[in-house]
Amino acid sequence: MRVTRLLLVVGIVVCAPQFAAAQDAAANNAMRAAVNRAAGTITEAELRQAIGIISDDSMMGRDTPSMGLTMTSEYLARRFEAAGLSGRPGGGFQQEYPITVITPGPIAEQVLVLEGAEGPIEFASWDQFVALPTTGARSGSGELLAITNLDEMQGARGRIAIIRTEMGTMPDVVGGIGAAIDRHKPAGVIIAMDLPPQFFAMARQFFGAGSVSLGSQATAGPPVVVVPLGNLPASLGETLRSGANNVDGWSANVATSGTAETAEAMNTVAFIEGVDPALKNEYVLFVAHMDGQGIGPAPAGDSIYNSADDNASGTAMLVELAEAFAALPNGPRRSVGFIAVSGEEKNLLGSRWYVDNPLVPLENTVALINMDMIGRNWTDSVVGIGMEHSTLGETLLQTVEYHPELNMGVMRDRWPELNLYARSDSYNFAKAGVPVLYFMSRGHQDYHQPSDVAERLDYDKIARMGQLIFHFAFGVTVMDERPEWYPEAYSEIVGN
Ligand SMILES: [Zn+2]
């Protein structure tokens, strides 16, 4: 694989052959000084201020959709405009998209009954299972069919499909279940979560509060419920774990309810045009989700989920990076774009909408840099998820090497079993063929809790990381060659 040395690249940018070596060196030094000055505009104090505003109680946790989300988007738009950026081609700083908000019906209308040789077992709604909110009342009953992946749902027409999910398969199951149901028409679906109990608590908070989906058309479909695998009869649980399909003798009765409303949500977008006549048609995009967990249960008397690390940290960094790129006296060669998406916490909706309705051509989007949860933990390192998939990883490692003064190292994904790659917005871009790199700085006990507050972030770390990301991204904007996928990773993630 081709390895481009950044120093060499910076040389190529400013040196024409007729220059004498000394002039080259002087021009190079001037350029490097300008880039360092631009990086220096990313400061601890500015990040602290922006993260404080975005995660303030007055933003009410930035749920999708909510007044707090709209206020956050307007704040970002003002900051982008003040920094001299332009909005979407021919328009403003927002990309609106239609959503359907479904509110669950009363608990008594959510039903799960399993019937085996020893008679019916009725499960308690909310305590023992949670229903995915549906539009109107839905019910279904039939024999159980155990499936291990969504393709196997084809045998479930008129039956109740029961699918075991664990950490690694959960994003694909949750993301793909709607399409599988549309195709295969089961009478109902039971998602059996083979995960520690806190994940059921999270699923309950996520689904029990209602759901938000893309589009303005509420879809019809069978009832779907989520139940911890441990709540099922032991023999059924064992069959599911073994991967067998045969659960003869078991049938189920499932019912769910809810009401649907259509609404609008938005992404916030801003662009800086590149200066190279040819390369300005190529784009390096940054993405971070501005939405948060909204308002929810108050385990310690506080119902506002400030969502500071997740993800006021990445959102504020978009603004800081935009200001740094705007501070370059000669601009970047390639164009640069900033997308603060919403609906991430609702299954990556805003980024999916953007990828389906891109504002600049996806085939000319040469790199996508995602930042989600970059504010805490190790003071001297950050994880670069997806580094091993493309030449972006090499460019990042070179950037670290050239900037020891930042004292910020990068690591590959340390938790492949958590499938973090598929759990943030970069995944939608990767599946569309854009090389991605996703910066994150590890979870913590405040993740998705009201205690994810601005006071707990490490601003010195975030500022140094921001400067590193700026140098890295600047490198990507000036290289002659665009980043390349490694072939195995490409065929695994994008297909052929
Ligand atoms: Zn997040």
# chains A, B, ... in the order shown; residues from 1 in each chain; ligands from 1
call {"tool": "select_by_dssp", "arguments": {"residues": "stretch 302-481 of chain A", "states": "helix (DSSP H, G or I)", "output": "MDAnalysis selection string"}}
result
chainID A and resid 308:326 344:346 349:356 362:364 387:389 392:402 404:406 416:418 420:423 426:431 454:456 459:478
call {"tool": "select_by_dssp", "arguments": {"residues": "stretch 138-373 of chain A", "states": "strand (DSSP E or B)", "output": "PyMOL selection string"}}
result
chain A and resi 138-147+157+160-165+186+188-193+211-214+224-228+251-256+258-272+283-289+295+304+335-341+365-371
call {"tool": "closest_atom_pairs", "arguments": {"of": "chain A", "to": "ligand 1", "cutoff": "8 Å", "atoms": "only C-alpha atoms and all ligand atoms", "output": "JSON lines"}}
result
{"residue": "A:His289", "atom": "CA", "partner": "ligand 1", "partner_atom_place_in_ligand_line": "1 (Zn)", "distance": 6.6}
{"residue": "A:Gly292", "atom": "CA", "partner": "ligand 1", "partner_atom_place_in_ligand_line": "1 (Zn)", "distance": 7.6}
{"residue": "A:Asp310", "atom": "CA", "partner": "ligand 1", "partner_atom_place_in_ligand_line": "1 (Zn)", "distance": 4.5}
{"residue": "A:Asn311", "atom": "CA", "partner": "ligand 1", "partner_atom_place_in_ligand_line": "1 (Zn)", "distance": 5.2}
{"residue": "A:Glu344", "atom": "CA", "partner": "ligand 1", "partner_atom_place_in_ligand_line": "1 (Zn)", "distance": 6.9}
{"residue": "A:Glu345", "atom": "CA", "partner": "ligand 1", "partner_atom_place_in_ligand_line": "1 (Zn)", "distance": 6.9}
{"residue": "A:Asp372", "atom": "CA", "partner": "ligand 1", "partner_atom_place_in_ligand_line": "1 (Zn)", "distance": 4.9}
{"residue": "A:Met373", "atom": "CA", "partner": "ligand 1", "partner_atom_place_in_ligand_line": "1 (Zn)", "distance": 5.9}
{"residue": "A:Ser424", "atom": "CA", "partner": "ligand 1", "partner_atom_place_in_ligand_line": "1 (Zn)", "distance": 6.6}
call {"tool": "write_last_selection", "arguments": {"atoms": "all heavy atoms", "output": "CSV table (one decimal), in the first residue's frame"}}
result
chain,number,residue,atom,x,y,z
A,289,HIS,N,-22.8,13.8,16.4
A,289,HIS,CA,-24.2,14.0,16.7
A,289,HIS,C,-24.4,15.0,17.8
A,289,HIS,O,-23.8,14.9,18.8
A,289,HIS,CB,-24.8,12.6,16.9
A,289,HIS,CG,-24.6,12.0,18.3
A,289,HIS,ND1,-25.3,12.3,19.4
A,289,HIS,CD2,-23.7,11.0,18.6
A,289,HIS,CE1,-24.9,11.5,20.4
A,289,HIS,NE2,-23.9,10.8,20.0
A,292,GLY,N,-29.0,14.3,22.1
A,292,GLY,CA,-28.7,13.6,23.3
A,292,GLY,C,-29.8,12.8,23.8
A,292,GLY,O,-30.8,12.4,23.0
A,310,ASP,N,-21.4,12.6,25.6
A,310,ASP,CA,-22.1,11.9,24.5
A,310,ASP,C,-23.3,12.8,24.1
A,310,ASP,O,-24.4,12.6,24.5
A,310,ASP,CB,-22.6,10.6,25.0
A,310,ASP,CG,-23.3,9.8,23.9
A,310,ASP,OD1,-23.1,10.2,22.7
A,310,ASP,OD2,-23.9,8.8,24.2
A,311,ASN,N,-23.1,13.9,23.2
A,311,ASN,CA,-21.9,14.1,22.5
A,311,ASN,C,-21.8,15.6,22.3
A,311,ASN,O,-21.5,16.1,21.2
A,311,ASN,CB,-22.0,13.3,21.2
A,311,ASN,CG,-20.7,13.5,20.4
A,311,ASN,OD1,-19.6,13.6,20.9
A,311,ASN,ND2,-20.8,13.6,19.1
A,344,GLU,N,-29.1,10.5,16.2
A,344,GLU,CA,-28.1,9.4,16.4
A,344,GLU,C,-28.6,8.4,17.4
A,344,GLU,O,-28.5,7.2,17.3
A,344,GLU,CB,-26.7,9.9,16.8
A,344,GLU,CG,-25.6,8.9,16.7
A,344,GLU,CD,-25.3,8.1,18.0
A,344,GLU,OE1,-26.0,8.4,19.0
A,344,GLU,OE2,-24.5,7.2,17.9
A,345,GLU,N,-29.1,9.0,18.5
A,345,GLU,CA,-29.6,8.1,19.6
A,345,GLU,C,-30.9,7.4,19.3
A,345,GLU,O,-31.4,6.6,20.1
A,345,GLU,CB,-29.8,9.0,20.9
A,345,GLU,CG,-28.5,9.7,21.4
A,345,GLU,CD,-27.5,8.8,22.0
A,345,GLU,OE1,-27.6,7.6,21.9
A,345,GLU,OE2,-26.4,9.4,22.4
A,372,ASP,N,-17.4,11.1,18.5
A,372,ASP,CA,-18.5,10.8,19.4
A,372,ASP,C,-18.0,10.3,20.7
A,372,ASP,O,-17.4,9.2,20.8
A,372,ASP,CB,-19.4,9.7,18.7
A,372,ASP,CG,-20.7,9.4,19.4
A,372,ASP,OD1,-21.0,10.0,20.5
A,372,ASP,OD2,-21.4,8.5,18.9
A,373,MET,N,-18.2,11.1,21.8
A,373,MET,CA,-17.7,10.8,23.1
A,373,MET,C,-16.1,10.9,23.1
A,373,MET,O,-15.4,9.9,23.2
A,373,MET,CB,-18.1,9.4,23.6
A,373,MET,CG,-19.6,9.2,23.7
A,373,MET,SD,-20.0,7.6,24.3
A,373,MET,CE,-19.5,7.7,26.1
A,424,SER,N,-22.2,4.2,15.6
A,424,SER,CA,-22.2,5.6,15.5
A,424,SER,C,-22.3,6.0,14.1
A,424,SER,O,-22.3,5.2,13.2
A,424,SER,CB,-20.9,6.2,16.1
A,424,SER,OG,-21.0,7.6,16.2
call {"tool": "residues_around", "arguments": {"residues": "stretch 479-495 of chain A", "least_positions_apart": "2", "cutoff": "7 Å", "atoms": "only C-alpha atoms", "output": "mmCIF file with all heavy atoms, in the first residue's frame"}}
result
data_model
loop_
_atom_site.group_PDB
_atom_site.id
_atom_site.type_symbol
_atom_site.label_atom_id
_atom_site.label_comp_id
_atom_site.auth_asym_id
_atom_site.auth_seq_id
_atom_site.Cartn_x
_atom_site.Cartn_y
_atom_site.Cartn_z
ATOM 1 N N VAL A 9 4.305 15.852 1.427
ATOM 2 C CA VAL A 9 3.092 16.396 0.831
ATOM 3 C C VAL A 9 3.043 17.902 1.030
ATOM 4 O O VAL A 9 2.772 18.670 0.113
ATOM 5 C CB VAL A 9 1.860 15.719 1.447
ATOM 6 C CG1 VAL A 9 0.612 16.504 1.105
ATOM 7 C CG2 VAL A 9 1.742 14.297 0.937
ATOM 8 N N VAL A 366 -14.089 12.207 0.210
ATOM 9 C CA VAL A 366 -12.907 11.341 0.259
ATOM 10 C C VAL A 366 -12.652 10.790 1.659
ATOM 11 O O VAL A 366 -11.951 9.797 1.811
ATOM 12 C CB VAL A 366 -11.640 12.064 -0.263
ATOM 13 C CG1 VAL A 366 -11.868 12.576 -1.679
ATOM 14 C CG2 VAL A 366 -11.202 13.186 0.662
ATOM 15 N N ALA A 367 -13.210 11.443 2.673
ATOM 16 C CA ALA A 367 -13.018 10.952 4.046
ATOM 17 C C ALA A 367 -14.114 11.503 4.929
ATOM 18 O O ALA A 367 -14.616 12.607 4.705
ATOM 19 C CB ALA A 367 -11.663 11.388 4.592
ATOM 20 N N HIS A 389 -8.922 0.029 8.489
ATOM 21 C CA HIS A 389 -9.675 -0.224 7.254
ATOM 22 C C HIS A 389 -9.171 0.537 6.033
ATOM 23 O O HIS A 389 -9.518 0.189 4.914
ATOM 24 C CB HIS A 389 -11.151 0.143 7.449
ATOM 25 C CG HIS A 389 -11.850 -0.729 8.432
ATOM 26 N ND1 HIS A 389 -13.048 -0.403 9.004
ATOM 27 C CD2 HIS A 389 -11.510 -1.932 8.949
ATOM 28 C CE1 HIS A 389 -13.416 -1.363 9.841
ATOM 29 N NE2 HIS A 389 -12.500 -2.294 9.827
ATOM 30 N N SER A 390 -8.435 1.629 6.267
ATOM 31 C CA SER A 390 -8.050 2.465 5.119
ATOM 32 C C SER A 390 -6.741 3.175 5.406
ATOM 33 O O SER A 390 -6.221 3.126 6.531
ATOM 34 C CB SER A 390 -9.140 3.517 4.830
ATOM 35 O OG SER A 390 -9.092 4.541 5.801
ATOM 36 N N THR A 391 -6.221 3.865 4.376
ATOM 37 C CA THR A 391 -4.972 4.610 4.551
ATOM 38 C C THR A 391 -5.133 5.780 5.517
ATOM 39 O O THR A 391 -4.138 6.370 5.932
ATOM 40 C CB THR A 391 -4.472 5.155 3.192
ATOM 41 O OG1 THR A 391 -5.531 5.931 2.601
ATOM 42 C CG2 THR A 391 -4.089 4.021 2.255
ATOM 43 N N LEU A 392 -6.370 6.117 5.897
ATOM 44 C CA LEU A 392 -6.555 7.168 6.908
ATOM 45 C C LEU A 392 -5.820 6.798 8.204
ATOM 46 O O LEU A 392 -5.312 7.673 8.906
ATOM 47 C CB LEU A 392 -8.048 7.361 7.215
ATOM 48 C CG LEU A 392 -8.881 8.090 6.164
ATOM 49 C CD1 LEU A 392 -10.356 8.059 6.548
ATOM 50 C CD2 LEU A 392 -8.396 9.524 5.976
ATOM 51 N N ALA A 430 -19.630 4.717 5.980
ATOM 52 C CA ALA A 430 -18.765 3.595 5.589
ATOM 53 C C ALA A 430 -19.528 2.656 4.664
ATOM 54 O O ALA A 430 -19.011 2.235 3.624
ATOM 55 C CB ALA A 430 -18.274 2.853 6.830
ATOM 56 N N LYS A 431 -20.774 2.340 5.022
ATOM 57 C CA LYS A 431 -21.558 1.420 4.192
ATOM 58 C C LYS A 431 -21.781 2.001 2.795
ATOM 59 O O LYS A 431 -21.990 1.269 1.843
ATOM 60 C CB LYS A 431 -22.908 1.117 4.854
ATOM 61 C CG LYS A 431 -22.768 0.136 6.013
ATOM 62 C CD LYS A 431 -24.126 -0.336 6.510
ATOM 63 C CE LYS A 431 -24.943 0.799 7.103
ATOM 64 N NZ LYS A 431 -26.236 0.353 7.628
ATOM 65 N N ALA A 432 -21.741 3.355 2.692
ATOM 66 C CA ALA A 432 -21.915 4.004 1.391
ATOM 67 C C ALA A 432 -20.587 4.148 0.652
ATOM 68 O O ALA A 432 -20.533 4.774 -0.406
ATOM 69 C CB ALA A 432 -22.566 5.371 1.585
ATOM 70 N N GLY A 433 -19.502 3.593 1.217
ATOM 71 C CA GLY A 433 -18.229 3.564 0.501
ATOM 72 C C GLY A 433 -17.246 4.663 0.850
ATOM 73 O O GLY A 433 -16.174 4.744 0.254
ATOM 74 N N PRO A 435 -14.360 6.253 3.070
ATOM 75 C CA PRO A 435 -13.426 5.858 4.132
ATOM 76 C C PRO A 435 -13.710 6.671 5.400
ATOM 77 O O PRO A 435 -13.864 7.895 5.323
ATOM 78 C CB PRO A 435 -12.044 6.204 3.564
ATOM 79 C CG PRO A 435 -12.244 6.309 2.084
ATOM 80 C CD PRO A 435 -13.663 6.794 1.897
ATOM 81 N N GLY A 475 -3.927 17.374 6.830
ATOM 82 C CA GLY A 475 -3.115 16.494 5.991
ATOM 83 C C GLY A 475 -3.953 15.831 4.909
ATOM 84 O O GLY A 475 -3.541 15.761 3.748
ATOM 85 N N VAL A 476 -5.149 15.364 5.284
ATOM 86 C CA VAL A 476 -6.005 14.694 4.297
ATOM 87 C C VAL A 476 -6.475 15.691 3.228
ATOM 88 O O VAL A 476 -6.627 15.333 2.068
ATOM 89 C CB VAL A 476 -7.211 14.015 4.996
ATOM 90 C CG1 VAL A 476 -8.114 13.332 3.970
ATOM 91 C CG2 VAL A 476 -6.735 12.999 6.028
ATOM 92 N N THR A 477 -6.664 16.950 3.614
ATOM 93 C CA THR A 477 -7.141 17.928 2.622
ATOM 94 C C THR A 477 -6.049 18.330 1.631
ATOM 95 O O THR A 477 -6.372 18.805 0.545
ATOM 96 C CB THR A 477 -7.699 19.228 3.265
ATOM 97 O OG1 THR A 477 -6.633 19.918 3.923
ATOM 98 C CG2 THR A 477 -8.826 18.946 4.228
#
call {"tool": "residues_around", "arguments": {"residues": "A:Pro120", "least_positions_apart": "6", "cutoff": "12 Å", "atoms": "only C-alpha atoms", "output": "PyMOL selection string"}}
result
chain A and resi 112-114+233+249-253
call {"tool": "closest_atom_pairs", "arguments": {"of": "stretch 258-324 of chain A", "to": "stretch 350-353 of chain A", "cutoff": "12 Å", "atoms": "only C-alpha atoms", "output": "CSV"}}
result
residue,atom,partner,partner_atom,distance
A:Glu264,CA,A:Gly350,CA,11.0
A:Ala265,CA,A:Gly350,CA,8.1
A:Met266,CA,A:Gly350,CA,7.2
A:Asn267,CA,A:Gly350,CA,6.3
A:Thr268,CA,A:Gly350,CA,9.9
A:Val269,CA,A:Gly350,CA,11.5
A:Phe286,CA,A:Ser351,CA,11.5
A:Val287,CA,A:Ser351,CA,8.5
A:Ala288,CA,A:Ser351,CA,9.4
A:His289,CA,A:Gly350,CA,8.4
A:Met290,CA,A:Gly350,CA,10.0
A:Asp291,CA,A:Gly350,CA,9.7
call {"tool": "write_last_selection", "arguments": {"atoms": "N, CA, C and O atoms", "output": "PDB file, in the first residue's frame"}}
result
ATOM      1  N   GLU A 264     -40.620  17.109  12.216  1.00  0.00           N
ATOM      2  CA  GLU A 264     -39.386  17.357  11.470  1.00  0.00           C
ATOM      3  C   GLU A 264     -38.205  17.421  12.415  1.00  0.00           C
ATOM      4  O   GLU A 264     -38.323  17.905  13.542  1.00  0.00           O
ATOM      5  N   ALA A 265     -37.070  16.901  11.967  1.00  0.00           N
ATOM      6  CA  ALA A 265     -35.815  17.081  12.703  1.00  0.00           C
ATOM      7  C   ALA A 265     -34.817  17.672  11.721  1.00  0.00           C
ATOM      8  O   ALA A 265     -35.135  17.868  10.544  1.00  0.00           O
ATOM      9  N   MET A 266     -33.622  18.005  12.194  1.00  0.00           N
ATOM     10  CA  MET A 266     -32.658  18.641  11.295  1.00  0.00           C
ATOM     11  C   MET A 266     -31.226  18.244  11.617  1.00  0.00           C
ATOM     12  O   MET A 266     -30.887  17.906  12.742  1.00  0.00           O
ATOM     13  N   ASN A 267     -30.398  18.269  10.571  1.00  0.00           N
ATOM     14  CA  ASN A 267     -28.948  18.272  10.722  1.00  0.00           C
ATOM     15  C   ASN A 267     -28.491  19.721  10.536  1.00  0.00           C
ATOM     16  O   ASN A 267     -29.155  20.493   9.840  1.00  0.00           O
ATOM     17  N   THR A 268     -27.364  20.084  11.146  1.00  0.00           N
ATOM     18  CA  THR A 268     -26.783  21.409  10.921  1.00  0.00           C
ATOM     19  C   THR A 268     -25.538  21.219  10.056  1.00  0.00           C
ATOM     20  O   THR A 268     -24.717  20.348  10.359  1.00  0.00           O
ATOM     21  N   VAL A 269     -25.430  21.997   8.982  1.00  0.00           N
ATOM     22  CA  VAL A 269     -24.335  21.761   8.032  1.00  0.00           C
ATOM     23  C   VAL A 269     -23.608  23.053   7.700  1.00  0.00           C
ATOM     24  O   VAL A 269     -24.204  24.131   7.703  1.00  0.00           O
ATOM     25  N   PHE A 286     -16.575  16.251   8.387  1.00  0.00           N
ATOM     26  CA  PHE A 286     -16.606  15.903   9.808  1.00  0.00           C
ATOM     27  C   PHE A 286     -18.059  15.677  10.206  1.00  0.00           C
ATOM     28  O   PHE A 286     -18.947  16.392   9.751  1.00  0.00           O
ATOM     29  N   VAL A 287     -18.281  14.707  11.075  1.00  0.00           N
ATOM     30  CA  VAL A 287     -19.626  14.515  11.596  1.00  0.00           C
ATOM     31  C   VAL A 287     -19.562  14.326  13.108  1.00  0.00           C
ATOM     32  O   VAL A 287     -18.585  13.783  13.634  1.00  0.00           O
ATOM     33  N   ALA A 288     -20.563  14.842  13.808  1.00  0.00           N
ATOM     34  CA  ALA A 288     -20.733  14.560  15.236  1.00  0.00           C
ATOM     35  C   ALA A 288     -22.222  14.691  15.521  1.00  0.00           C
ATOM     36  O   ALA A 288     -22.886  15.545  14.927  1.00  0.00           O
ATOM     37  N   HIS A 289     -22.751  13.837  16.385  1.00  0.00           N
ATOM     38  CA  HIS A 289     -24.180  13.951  16.654  1.00  0.00           C
ATOM     39  C   HIS A 289     -24.432  14.958  17.766  1.00  0.00           C
ATOM     40  O   HIS A 289     -23.798  14.931  18.805  1.00  0.00           O
ATOM     41  N   MET A 290     -25.361  15.887  17.465  1.00  0.00           N
ATOM     42  CA  MET A 290     -25.671  16.948  18.431  1.00  0.00           C
ATOM     43  C   MET A 290     -26.809  16.542  19.359  1.00  0.00           C
ATOM     44  O   MET A 290     -27.041  17.189  20.370  1.00  0.00           O
ATOM     45  N   ASP A 291     -27.549  15.485  19.000  1.00  0.00           N
ATOM     46  CA  ASP A 291     -28.673  15.091  19.851  1.00  0.00           C
ATOM     47  C   ASP A 291     -28.170  14.338  21.073  1.00  0.00           C
ATOM     48  O   ASP A 291     -27.060  13.812  21.089  1.00  0.00           O
TER      49      ASP A 291
END
call {"tool": "atom_distance", "arguments": {"atom1": "atom CA of A:Leu397", "atom2": "atom CA of A:Val355"}}
result
27.8 Å
call {"tool": "residues_around", "arguments": {"residues": "A:Ala220", "least_positions_apart": "4", "cutoff": "12 Å", "atoms": "only C-alpha atoms", "output": "ChimeraX atom specification"}}
result
/A:133-139,178-179,181-182,185,224,257-258,260
call {"tool": "residues_around", "arguments": {"residues": "A:Leu47", "least_positions_apart": "5", "cutoff": "9 Å", "atoms": "only C-alpha atoms", "output": "ChimeraX atom specification"}}
result
/A:42,52,313,316-317,319-320,459,462-463
call {"tool": "write_last_selection", "arguments": {"atoms": "N, CA, C and O atoms", "output": "PDB file, in the first residue's frame"}}
result
ATOM      1  N   ILE A  42      -7.803  26.212  18.546  1.00  0.00           N
ATOM      2  CA  ILE A  42      -8.605  25.214  19.275  1.00  0.00           C
ATOM      3  C   ILE A  42      -8.122  25.209  20.720  1.00  0.00           C
ATOM      4  O   ILE A  42      -7.046  24.696  21.017  1.00  0.00           O
ATOM      5  N   GLY A  52     -20.251  23.676  27.497  1.00  0.00           N
ATOM      6  CA  GLY A  52     -21.128  24.156  28.570  1.00  0.00           C
ATOM      7  C   GLY A  52     -22.474  24.625  28.032  1.00  0.00           C
ATOM      8  O   GLY A  52     -23.531  24.323  28.596  1.00  0.00           O
ATOM      9  N   SER A 313     -19.346  16.962  23.434  1.00  0.00           N
ATOM     10  CA  SER A 313     -17.892  17.039  23.212  1.00  0.00           C
ATOM     11  C   SER A 313     -17.571  17.055  21.708  1.00  0.00           C
ATOM     12  O   SER A 313     -16.857  17.942  21.230  1.00  0.00           O
ATOM     13  N   ALA A 316     -19.148  20.324  19.935  1.00  0.00           N
ATOM     14  CA  ALA A 316     -18.365  21.549  20.128  1.00  0.00           C
ATOM     15  C   ALA A 316     -17.094  21.506  19.283  1.00  0.00           C
ATOM     16  O   ALA A 316     -16.643  22.526  18.753  1.00  0.00           O
ATOM     17  N   MET A 317     -16.538  20.301  19.131  1.00  0.00           N
ATOM     18  CA  MET A 317     -15.310  20.177  18.342  1.00  0.00           C
ATOM     19  C   MET A 317     -15.550  20.527  16.870  1.00  0.00           C
ATOM     20  O   MET A 317     -14.666  21.064  16.203  1.00  0.00           O
ATOM     21  N   VAL A 319     -17.363  22.924  15.791  1.00  0.00           N
ATOM     22  CA  VAL A 319     -17.257  24.385  15.706  1.00  0.00           C
ATOM     23  C   VAL A 319     -15.791  24.810  15.788  1.00  0.00           C
ATOM     24  O   VAL A 319     -15.325  25.655  15.011  1.00  0.00           O
ATOM     25  N   GLU A 320     -15.058  24.197  16.710  1.00  0.00           N
ATOM     26  CA  GLU A 320     -13.648  24.563  16.873  1.00  0.00           C
ATOM     27  C   GLU A 320     -12.842  24.222  15.616  1.00  0.00           C
ATOM     28  O   GLU A 320     -11.977  24.985  15.196  1.00  0.00           O
ATOM     29  N   TYR A 459     -10.916  19.010  29.744  1.00  0.00           N
ATOM     30  CA  TYR A 459     -10.824  19.989  28.653  1.00  0.00           C
ATOM     31  C   TYR A 459      -9.420  20.131  28.088  1.00  0.00           C
ATOM     32  O   TYR A 459      -9.254  20.414  26.896  1.00  0.00           O
ATOM     33  N   ILE A 462      -9.271  17.357  25.633  1.00  0.00           N
ATOM     34  CA  ILE A 462     -10.083  17.580  24.427  1.00  0.00           C
ATOM     35  C   ILE A 462      -9.395  18.579  23.496  1.00  0.00           C
ATOM     36  O   ILE A 462      -9.402  18.413  22.272  1.00  0.00           O
ATOM     37  N   ALA A 463      -8.772  19.600  24.079  1.00  0.00           N
ATOM     38  CA  ALA A 463      -8.111  20.620  23.249  1.00  0.00           C
ATOM     39  C   ALA A 463      -6.925  20.012  22.502  1.00  0.00           C
ATOM     40  O   ALA A 463      -6.741  20.248  21.295  1.00  0.00           O
TER      41      ALA A 463
END
call {"tool": "residues_around", "arguments": {"residues": "A:Leu214", "least_positions_apart": "5", "cutoff": "8 Å", "atoms": "only C-alpha atoms", "output": "ChimeraX atom specification"}}
result
/A:97-100,349,353
call {"tool": "closest_residue", "arguments": {"among": "A:Ile163, A:Val410, A:Ala38, A:Val111", "to": "A:Ala322", "atoms": "only C-alpha atoms"}}
result
A:Ala38
